[in-house]
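Novice: Got a structure for you, written out below as structure tokens; questions coming shortly.
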Amino acid sequence: MAEQFDAVPSRRGDSGSAGSGRGGARGATLWLTGLPSAGKTTLAHALVEALGGTRPPVEVLDGDAVRPVLSAELGYSRADRDANVARIGWVAEVLARNGVLVIAAVVSPYAAARDKLRAAHEENGTTFLEVHVATPLEVCQARDVKGLYARQAAGAMAGLTGVDDAYEPPTNPALRLDTADRSLSESVEELITLLQKEDLL
């Protein structure tokens with residue numbers, strides 16, 4: 001069943017006023033990876049809304065928004081995808097090591113590229129939490145938020161992750177979310193529980 005993802009929970013006031021979140025200002029990168037239309041961006045912004053200013057500072061790095069700025073010259077070969085992921089990951093790590101909770105919503109299809117991000121974070125003593133937004137392909141195709149699956153099916157594009165290009169799911173993520181059988185609020189609560197477990201809230 002395709003999840004509508006239209007219920008955003010509110011947790012304003014649960015952890016005190018802005019700037020006084022439990023656990024202080026320890027930064028981290030919450031890296032949401034998954035197929036196009038899996039729900040990564042929706043989850044990222046819903047999580048920010050749910051936190052409601054109780055855990056500043058928080059920053060969303062959405063792959064579709066960041067790519068034209070950091071990687072405008074890159075295409076969609078494996079090397080170019082890996083370079084784009086590395087650039088976004090570098091920004092995330094710099095922000096995280098300076099106390100920002102970074103929520104990165106990036107397809108990031110290849111495991112080796114994500115593993116390099118984790119290693120770079122660990123080298124600097126920065127927390128990196130990989131979350132697999134494991135929405136099934138058929139659900140992503142039904143959502144088709146940006147029309148990518150329709151374009152691929154019509155022969156107007158090639159190299160779509162999960163269809164005619166590889167997606168390598170994480171083998172041991174910090175959290176795995178299938179948004180096909182969870183509401184948006186349930187998914188956000190699981191992310192919040194993960195952050196609390198890591199003493200980031």
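Note on naming: chains are A, B, ... as they come in the structure tokens, residues start from 1 per chain, ligands start from 1 in the order shown.
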Write out as a ChimeraX atom specification each polymer residue whose atoms come within 9 Å of A:Arg176, counting only C-alpha atoms; drop sequence neighbours fewer than 6 positions from it.
Specialist: /A:130-134,170
Novice: Using the selection just defined, write its residues with N, CA and C atoms as a short mmCIF file (atom, residue, chain, number, x, y, z; two decimals), in the first residue's frame.
Specialist:
```cif
data_model
loop_
_atom_site.label_atom_id
_atom_site.label_comp_id
_atom_site.auth_asym_id
_atom_site.auth_seq_id
_atom_site.Cartn_x
_atom_site.Cartn_y
_atom_site.Cartn_z
N GLU A 130 23.52 6.09 9.21
CA GLU A 130 22.97 5.76 7.90
C GLU A 130 21.57 5.18 8.08
N VAL A 131 20.59 5.80 7.44
CA VAL A 131 19.21 5.34 7.50
C VAL A 131 18.77 4.94 6.11
N HIS A 132 18.35 3.68 5.97
CA HIS A 132 17.86 3.20 4.69
C HIS A 132 16.36 3.40 4.62
N VAL A 133 15.93 4.31 3.75
CA VAL A 133 14.51 4.50 3.50
C VAL A 133 14.14 3.45 2.47
N ALA A 134 13.71 2.29 2.97
CA ALA A 134 13.64 1.07 2.17
C ALA A 134 12.28 0.87 1.52
N PRO A 170 22.01 -0.48 2.05
CA PRO A 170 22.90 -0.70 3.19
C PRO A 170 22.69 -2.10 3.79
#
```
Novice: Would you please work out which residue, of A:Ser108, A:Gln152, A:Thr127, A:Thr33, is nearest to A:Glu93 when using only C-alpha atoms?
Specialist: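 Smallest distance to A:Glu93 is found for A:Thr127.
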Novice: For A:Gln141, which of A:Leu47, A:Ile192, A:Leu160, A:Leu30 is the closest residue, counting only C-alpha atoms?
Specialist: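 For A:Gln141, the nearest of the candidates is A:Leu160.
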Novice: Between A:Ala180, A:Val66, A:Val91, A:Asp199, which one has atoms that come closest to A:Glu138, using only C-alpha atoms?
Specialist: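 The answer is A:Ala180, which sits nearest to A:Glu138.
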Novice: List the neighbours of A:Asp62 out to 8 Å using only C-alpha atoms; skip same-chain residues closer than 5 positions along the sequence, and give me the result as a PDB file with N, CA and C atoms, in the first residue's frame.
Specialist:
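Below is the file out-v3.pdb, written as the result:
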```pdb
ATOM      1  N   THR A  41      13.126  13.117   1.340  1.00  0.00           N
ATOM      2  CA  THR A  41      12.956  14.554   1.560  1.00  0.00           C
ATOM      3  C   THR A  41      11.769  14.831   2.465  1.00  0.00           C
ATOM      4  N   ALA A 104      20.663  14.621   5.828  1.00  0.00           N
ATOM      5  CA  ALA A 104      20.972  14.576   4.399  1.00  0.00           C
ATOM      6  C   ALA A 104      20.031  13.588   3.717  1.00  0.00           C
ATOM      7  N   ALA A 105      19.298  14.056   2.723  1.00  0.00           N
ATOM      8  CA  ALA A 105      18.370  13.214   1.967  1.00  0.00           C
ATOM      9  C   ALA A 105      18.916  13.061   0.556  1.00  0.00           C
ATOM     10  N   VAL A 106      19.633  11.979   0.328  1.00  0.00           N
ATOM     11  CA  VAL A 106      20.387  11.804  -0.916  1.00  0.00           C
ATOM     12  C   VAL A 106      20.235  10.353  -1.381  1.00  0.00           C
TER      13      VAL A 106
END
```
Novice: Atom CA of A:Glu122 to atom CA of A:Asn172: how many Å, to one decimal?
Specialist: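 Straight-line distance from atom CA of A:Glu122 to atom CA of A:Asn172 works out to 16.2 Å.
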Novice: Which residues, written as an MDAnalysis selection string, have at least one atom at most 10 Å from A:Asp165, with only C-alpha atoms counted and residues fewer than 6 positions away on the same chain left out?
Specialist: chainID A and resid 76:78 109 158:159
Novice: Near A:Val107, within 8 Å and counting only C-alpha atoms, which residues show up once chain neighbours fewer than 4 positions away are dropped, as number ranges by chain?
Specialist: A: 32-36, 63
Novice: Store the residues of this selection in a file with N, CA and C atoms, as an mmCIF file, in the first residue's frame.
Specialist:
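What follows is the written file part.cif:
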```
data_model
loop_
_atom_site.group_PDB
_atom_site.id
_atom_site.type_symbol
_atom_site.label_atom_id
_atom_site.label_comp_id
_atom_site.auth_asym_id
_atom_site.auth_seq_id
_atom_site.Cartn_x
_atom_site.Cartn_y
_atom_site.Cartn_z
ATOM 1 N N LEU A 32 19.989 9.885 4.998
ATOM 2 C CA LEU A 32 18.847 9.137 4.484
ATOM 3 C C LEU A 32 19.124 8.732 3.047
ATOM 4 N N THR A 33 19.245 7.434 2.805
ATOM 5 C CA THR A 33 19.496 6.916 1.465
ATOM 6 C C THR A 33 18.338 6.034 1.031
ATOM 7 N N GLY A 34 18.033 6.042 -0.252
ATOM 8 C CA GLY A 34 16.951 5.220 -0.771
ATOM 9 C C GLY A 34 16.629 5.604 -2.200
ATOM 10 N N LEU A 35 15.722 4.863 -2.811
ATOM 11 C CA LEU A 35 15.340 5.093 -4.202
ATOM 12 C C LEU A 35 14.675 6.456 -4.384
ATOM 13 N N PRO A 36 14.653 6.978 -5.608
ATOM 14 C CA PRO A 36 13.864 8.177 -5.877
ATOM 15 C C PRO A 36 12.400 7.959 -5.479
ATOM 16 N N GLY A 63 19.439 16.278 -1.628
ATOM 17 C CA GLY A 63 20.269 16.026 -2.796
ATOM 18 C C GLY A 63 19.834 16.791 -4.027
#
```
